[in-house]
$ cat upload15.pdb   # PDB, C-alpha atoms and all ligand atoms
ATOM      1  CA  MET A1077      70.225  51.064 -91.971
ATOM      2  CA  ALA A1078      71.716  50.480 -95.407
ATOM      3  CA  ARG A1079      71.151  46.962 -96.660
ATOM      4  CA  THR A1080      74.240  45.496 -98.279
ATOM      5  CA  ALA A1081      74.324  42.539-100.683
ATOM      6  CA  LEU A1082      77.441  40.579-101.564
ATOM      7  CA  TYR A1083      77.772  39.380-105.173
ATOM      8  CA  PRO A1084      80.679  36.901-105.214
ATOM      9  CA  GLY A1085      82.292  35.335-108.274
ATOM     10  CA  SER A1086      85.415  34.972-110.363
ATOM     11  CA  PHE A1087      84.598  37.708-112.889
ATOM     12  CA  ASP A1088      87.396  36.421-115.155
ATOM     13  CA  PRO A1089      86.405  38.515-117.078
ATOM     14  CA  PRO A1090      83.227  40.401-116.127
ATOM     15  CA  THR A1091      80.528  39.769-118.762
ATOM     16  CA  LEU A1092      77.253  41.444-119.730
ATOM     17  CA  GLY A1093      75.588  38.685-117.658
ATOM     18  CA  HIS A1094      77.414  39.876-114.537
ATOM     19  CA  VAL A1095      76.570  43.511-115.362
ATOM     20  CA  ASP A1096      72.905  42.540-115.683
ATOM     21  CA  ILE A1097      72.918  40.899-112.238
ATOM     22  CA  ILE A1098      74.692  43.896-110.657
ATOM     23  CA  ARG A1099      72.039  46.165-112.180
ATOM     24  CA  SER A1100      69.192  44.039-110.761
ATOM     25  CA  ALA A1101      70.882  43.834-107.353
ATOM     26  CA  CYS A1102      71.231  47.635-107.300
ATOM     27  CA  ASN A1103      67.462  47.915-107.685
ATOM     28  CA  LEU A1104      66.967  45.792-104.569
ATOM     29  CA  PHE A1105      69.763  46.800-102.183
ATOM     30  CA  ASP A1106      71.268  50.081-100.945
ATOM     31  CA  GLU A1107      74.777  48.812-101.480
ATOM     32  CA  VAL A1108      76.223  45.998-103.609
ATOM     33  CA  VAL A1109      79.698  44.607-102.997
ATOM     34  CA  VAL A1110      81.115  42.720-105.978
ATOM     35  CA  ALA A1111      83.462  40.247-104.253
ATOM     36  CA  ILE A1112      86.224  38.850-106.442
ATOM     37  CA  GLY A1113      87.393  35.393-105.437
ATOM     38  CA  VAL A1114      91.166  34.996-105.368
ATOM     39  CA  HIS A1115      91.974  31.332-105.020
ATOM     40  CA  LEU A1116      95.465  29.918-104.877
ATOM     41  CA  GLY A1117      96.030  27.080-107.288
ATOM     42  CA  LYS A1118      93.737  28.581-109.943
ATOM     43  CA  THR A1119      95.462  30.534-112.692
ATOM     44  CA  PRO A1120      93.056  33.199-113.919
ATOM     45  CA  LEU A1121      93.342  34.952-117.284
ATOM     46  CA  PHE A1122      93.247  38.328-115.497
ATOM     47  CA  GLU A1123      94.869  39.074-112.139
ATOM     48  CA  ALA A1124      92.460  40.021-109.349
ATOM     49  CA  GLU A1125      93.321  43.738-109.535
ATOM     50  CA  GLU A1126      92.764  43.746-113.324
ATOM     51  CA  ARG A1127      89.380  42.031-112.855
ATOM     52  CA  ALA A1128      88.493  44.640-110.226
ATOM     53  CA  GLU A1129      89.346  47.452-112.640
ATOM     54  CA  LEU A1130      87.275  45.817-115.409
ATOM     55  CA  VAL A1131      84.330  45.510-112.983
ATOM     56  CA  ARG A1132      84.724  49.154-111.868
ATOM     57  CA  MET A1133      84.721  50.318-115.500
ATOM     58  CA  SER A1134      81.455  48.375-116.051
ATOM     59  CA  LEU A1135      79.663  50.063-113.169
ATOM     60  CA  PRO A1136      78.302  53.194-114.877
ATOM     61  CA  THR A1137      76.190  50.860-117.061
ATOM     62  CA  ALA A1138      75.326  48.565-114.167
ATOM     63  CA  ALA A1139      74.490  50.889-111.294
ATOM     64  CA  GLY A1140      71.707  53.426-111.411
ATOM     65  CA  SER A1141      72.276  56.821-109.796
ATOM     66  CA  GLY A1142      72.244  56.820-106.018
ATOM     67  CA  ASN A1143      73.419  53.237-105.676
ATOM     68  CA  THR A1144      76.716  52.316-104.175
ATOM     69  CA  VAL A1145      78.736  49.513-105.706
ATOM     70  CA  ARG A1146      82.096  48.532-104.289
ATOM     71  CA  VAL A1147      84.614  45.878-105.271
ATOM     72  CA  SER A1148      86.322  43.627-102.713
ATOM     73  CA  PHE A1149      88.623  40.595-102.772
ATOM     74  CA  PHE A1150      88.382  37.391-100.770
ATOM     75  CA  SER A1151      90.353  34.169-100.600
ATOM     76  CA  ASP A1152      88.421  32.374 -97.880
ATOM     77  CA  LEU A1153      84.785  31.357 -97.476
ATOM     78  CA  VAL A1154      82.107  33.551 -99.034
ATOM     79  CA  VAL A1155      80.320  33.703 -95.658
ATOM     80  CA  GLU A1156      83.466  35.181 -94.059
ATOM     81  CA  GLU A1157      83.575  37.905 -96.706
ATOM     82  CA  ALA A1158      79.848  38.522 -96.202
ATOM     83  CA  LYS A1159      80.504  39.036 -92.464
ATOM     84  CA  ARG A1160      83.404  41.423 -93.135
ATOM     85  CA  GLN A1161      81.253  43.456 -95.524
ATOM     86  CA  GLY A1162      78.204  43.495 -93.224
ATOM     87  CA  ALA A1163      76.072  41.889 -95.953
ATOM     88  CA  VAL A1164      72.538  40.705 -95.223
ATOM     89  CA  ALA A1165      72.196  38.894 -98.557
ATOM     90  CA  LEU A1166      74.232  36.878-100.998
ATOM     91  CA  VAL A1167      73.285  37.546-104.625
ATOM     92  CA  ARG A1168      73.661  34.803-107.231
ATOM     93  CA  GLY A1169      72.562  34.736-110.845
ATOM     94  CA  LEU A1170      70.585  31.810-112.250
ATOM     95  CA  ARG A1171      70.908  30.875-115.920
ATOM     96  CA  ASP A1172      69.612  27.328-116.071
ATOM     97  CA  ALA A1173      68.883  24.142-114.153
ATOM     98  CA  THR A1174      72.604  23.397-113.792
ATOM     99  CA  ASP A1175      73.115  26.736-112.010
ATOM    100  CA  PHE A1176      69.999  26.029-109.944
ATOM    101  CA  ASP A1177      71.152  22.636-108.648
ATOM    102  CA  TYR A1178      74.625  23.875-107.774
ATOM    103  CA  GLU A1179      73.408  27.161-106.301
ATOM    104  CA  MET A1180      70.773  25.458-104.134
ATOM    105  CA  GLN A1181      73.474  23.253-102.617
ATOM    106  CA  MET A1182      75.689  26.243-101.923
ATOM    107  CA  ALA A1183      72.785  28.284-100.529
ATOM    108  CA  GLY A1184      71.869  25.399 -98.246
ATOM    109  CA  MET A1185      75.371  24.974 -96.899
ATOM    110  CA  ASN A1186      76.034  28.713 -96.595
ATOM    111  CA  GLY A1187      72.732  28.970 -94.737
ATOM    112  CA  VAL A1188      74.034  26.510 -92.157
ATOM    113  CA  LEU A1189      77.395  28.299 -91.898
ATOM    114  CA  MET A1190      75.725  31.721 -91.525
ATOM    115  CA  PRO A1191      71.973  31.543 -90.817
ATOM    116  CA  ASP A1192      71.516  35.347 -90.937
ATOM    117  CA  LEU A1193      72.717  35.541 -94.532
ATOM    118  CA  THR A1194      69.936  35.042 -97.094
ATOM    119  CA  THR A1195      70.824  33.895-100.599
ATOM    120  CA  VAL A1196      68.858  35.804-103.226
ATOM    121  CA  PHE A1197      68.688  34.305-106.729
ATOM    122  CA  LEU A1198      68.263  36.706-109.600
ATOM    123  CA  PRO A1199      67.165  35.313-112.963
ATOM    124  CA  ALA A1200      69.386  35.987-115.968
ATOM    125  CA  SER A1201      67.805  38.244-118.583
ATOM    126  CA  PRO A1202      66.908  36.441-121.829
ATOM    127  CA  SER A1203      69.559  38.343-123.807
ATOM    128  CA  THR A1204      72.443  37.580-121.427
ATOM    129  CA  ARG A1205      71.364  34.137-120.251
ATOM    130  CA  PRO A1206      73.699  32.107-122.526
ATOM    131  CA  ILE A1207      76.804  34.024-121.465
ATOM    132  CA  THR A1208      79.477  32.339-119.354
ATOM    133  CA  ALA A1209      82.906  33.769-118.603
ATOM    134  CA  THR A1210      84.446  30.385-119.424
ATOM    135  CA  LEU A1211      83.055  30.400-122.981
ATOM    136  CA  VAL A1212      83.982  34.058-123.410
ATOM    137  CA  ARG A1213      87.612  33.158-122.606
ATOM    138  CA  GLN A1214      87.537  30.206-124.988
ATOM    139  CA  ILE A1215      86.014  32.181-127.866
ATOM    140  CA  ALA A1216      88.480  35.052-127.330
ATOM    141  CA  LYS A1217      91.443  32.654-127.196
ATOM    142  CA  MET A1218      90.397  31.246-130.584
ATOM    143  CA  GLY A1219      90.177  34.723-132.089
ATOM    144  CA  GLY A1220      86.363  34.968-132.044
ATOM    145  CA  ASP A1221      84.346  38.157-131.613
ATOM    146  CA  VAL A1222      83.129  38.486-128.005
ATOM    147  CA  SER A1223      81.692  41.996-128.331
ATOM    148  CA  SER A1224      78.100  40.723-127.901
ATOM    149  CA  PHE A1225      78.966  39.110-124.573
ATOM    150  CA  VAL A1226      81.139  41.598-122.669
ATOM    151  CA  PRO A1227      81.358  45.384-122.240
ATOM    152  CA  GLU A1228      83.517  47.115-124.880
ATOM    153  CA  HIS A1229      86.440  47.747-122.520
ATOM    154  CA  VAL A1230      86.498  44.043-121.562
ATOM    155  CA  ALA A1231      86.615  42.985-125.235
ATOM    156  CA  ALA A1232      89.546  45.388-125.700
ATOM    157  CA  ALA A1233      91.316  44.043-122.590
ATOM    158  CA  LEU A1234      90.877  40.460-123.849
ATOM    159  CA  LYS A1235      92.410  41.400-127.204
ATOM    160  CA  ARG A1236      95.380  43.066-125.495
ATOM    161  CA  ARG A1237      95.885  40.150-123.078
ATOM    162  CA  LEU A1238      95.682  37.448-125.721
ATOM    163  CA  SER A1239      97.855  39.225-128.283
ATOM    164  CA  ALA A1240     100.523  39.620-125.592
ATOM    165  CA  SER A1241     100.581  35.903-124.786
TER     166      SER A1241
HETATM  167  P1  LIG B1301      80.797  32.219-114.648
HETATM  168  O1  LIG B1301      79.813  31.285-113.966
HETATM  169  O2  LIG B1301      80.260  32.829-115.913
HETATM  170  O3  LIG B1301      82.176  31.656-114.816
HETATM  171  P2  LIG B1301      81.263  33.567-112.127
HETATM  172  O4  LIG B1301      81.862  32.344-111.531
HETATM  173  O5  LIG B1301      82.036  34.824-111.954
HETATM  174  O6  LIG B1301      81.000  33.454-113.695
HETATM  175  O7  LIG B1301      79.765  33.723-111.610
HETATM  176  C1  LIG B1301      79.397  34.517-110.526
HETATM  177  C2  LIG B1301      77.888  34.572-110.423
HETATM  178  O8  LIG B1301      77.367  35.214-111.586
HETATM  179  C3  LIG B1301      77.169  33.225-110.337
HETATM  180  O9  LIG B1301      76.053  33.369-109.488
HETATM  181  C4  LIG B1301      76.700  32.986-111.759
HETATM  182  O10 LIG B1301      75.556  32.167-111.809
HETATM  183  C5  LIG B1301      76.364  34.411-112.165
HETATM  184  N1  LIG B1301      76.379  34.592-113.611
HETATM  185  C6  LIG B1301      77.415  34.396-114.445
HETATM  186  N2  LIG B1301      77.067  34.643-115.715
HETATM  187  C7  LIG B1301      75.737  35.010-115.677
HETATM  188  C8  LIG B1301      74.758  35.352-116.671
HETATM  189  N3  LIG B1301      75.058  35.357-117.962
HETATM  190  N4  LIG B1301      73.529  35.675-116.253
HETATM  191  C9  LIG B1301      73.206  35.633-114.942
HETATM  192  N5  LIG B1301      74.071  35.290-113.957
HETATM  193  C10 LIG B1301      75.304  34.988-114.315
END
$ encode --input "upload15.pdb" --output "structure tokens"
Amino acid sequence: MARTALYPGSFDPPTLGHVDIIRSACNLFDEVVVAIGVHLGKTPLFEAEERAELVRMSLPTAAGSGNTVRVSFFSDLVVEEAKRQGAVALVRGLRDATDFDYEMQMAGMNGVLMPDLTTVFLPASPSTRPITATLVRQIAKMGGDVSSFVPEHVAAALKRRLSAS
């Protein structure tokens, strides 16, 4: 039976850190579902469908041959999306102690909500560890060069988005 992992997040926009985690998850699971959170009340820089397209365009670098990566959307609890996708694991990336504290709380509570779902933490690679989507947005908004932090097509999409606004 194929083992599916759910990798949930905002991906606003997808960064090289996210790509790194998708790549690691592909080495561990038969199928990885990148689940894009769509939450009312939050105004993202990129609409959910745009984020999905940016993730899909990043996949050739992220996924090795033979792996399946899909993109999904969810607006409810992560555990509900995990059930819908038939996931056995929830993948989360860890950059630092702040991520660790927050992620341990979430893993604990998700574990109560859905005991069969195991949270798997993947360590950030040294080169992508400092990257956060929030800082990428801020740097791009102030006209900075984000090409070291995101795939090329994401840097181009940020330029287009911010020059249009
Ligand atoms: P961010 O935290 O950058 O705003 P998300 O909310 O989309 O991005 O994060 C989704 C998941 O990806 C979380 O588990 C987060 O810890 C992980 N992640 C984000 N950036 C990185 C990175 N540079 N390296 C490893 N994991 C990361």
$ closest_residue --input "upload15.pdb" --among "A:Ala1124, A:Leu1153, A:Val1230, A:Val1095" --to "ligand LIG 1301 (chain B)" --atoms "all atoms listed in the file"
A:Val1095
$ residues_around --input "upload15.pdb" --residues "Asp1192 of chain A" --least-positions-apart "6" --cutoff "12 Å" --atoms "only C-alpha atoms" --output "list in words"
Val1155, Ala1158, Lys1159, Gly1162, Ala1163, Val1164, Ala1165, Leu1166, Ala1183 and Asn1186 of chain A
$ write_last_selection --input "upload15.pdb" --atoms "C-alpha atoms" --output "PDB file, in the coordinates of the input"
ATOM      1  CA  VAL A1155      80.320  33.703 -95.658  1.00  0.00           C
ATOM      2  CA  ALA A1158      79.848  38.522 -96.202  1.00  0.00           C
ATOM      3  CA  LYS A1159      80.504  39.036 -92.464  1.00  0.00           C
ATOM      4  CA  GLY A1162      78.204  43.495 -93.224  1.00  0.00           C
ATOM      5  CA  ALA A1163      76.072  41.889 -95.953  1.00  0.00           C
ATOM      6  CA  VAL A1164      72.538  40.705 -95.223  1.00  0.00           C
ATOM      7  CA  ALA A1165      72.196  38.894 -98.557  1.00  0.00           C
ATOM      8  CA  LEU A1166      74.232  36.878-100.998  1.00  0.00           C
ATOM      9  CA  ALA A1183      72.785  28.284-100.529  1.00  0.00           C
ATOM     10  CA  ASN A1186      76.034  28.713 -96.595  1.00  0.00           C
TER      11      ASN A1186
END
$ residues_near_ligand --input "upload15.pdb" --ligand "ligand LIG 1301 (chain B)" --cutoff "6 Å" --atoms "all atoms listed in the file" --output "NGL selection string"
:A and (1084-1087 or 1093-1094 or 1097 or 1168-1171 or 1175 or 1200 or 1204-1210)
$ resolve_selection --input "upload15.pdb" --expression "the PyMOL selection byres (((chain A and resi 1089) around 12) and not hetatm)" --output "MDAnalysis selection string"
chainID A and resid 1085:1088 1090:1095 1112 1120:1132 1134 1207:1214 1216 1222 1225:1234 1237
$ closest_residue --input "upload15.pdb" --among "A:Lys1217, A:Thr1119, A:Pro1191, A:Val1196" --to "Leu1104 of chain A" --atoms "only C-alpha atoms"
A:Val1196
$ atom_distance --input "upload15.pdb" --atom1 "atom CA of Leu1193 of chain A" --atom2 "atom CA of Val1114 of chain A"
21.4 Å
$ atom_distance --input "upload15.pdb" --atom1 "atom CA of Arg1160 of chain A" --atom2 "atom CA of Asp1177 of chain A"
27.3 Å
$ residues_near_point --input "upload15.pdb" --point "(71.0, 48.2, -105.1)" --cutoff "9 Å" --atoms "all atoms listed in the file" --output "ChimeraX atom specification"
/A:1079-1081,1098-1108,1139-1140,1142-1145
$ atom_distance --input "upload15.pdb" --atom1 "atom CA of Tyr1083 of chain A" --atom2 "atom CA of Ala1111 of chain A"
5.8 Å
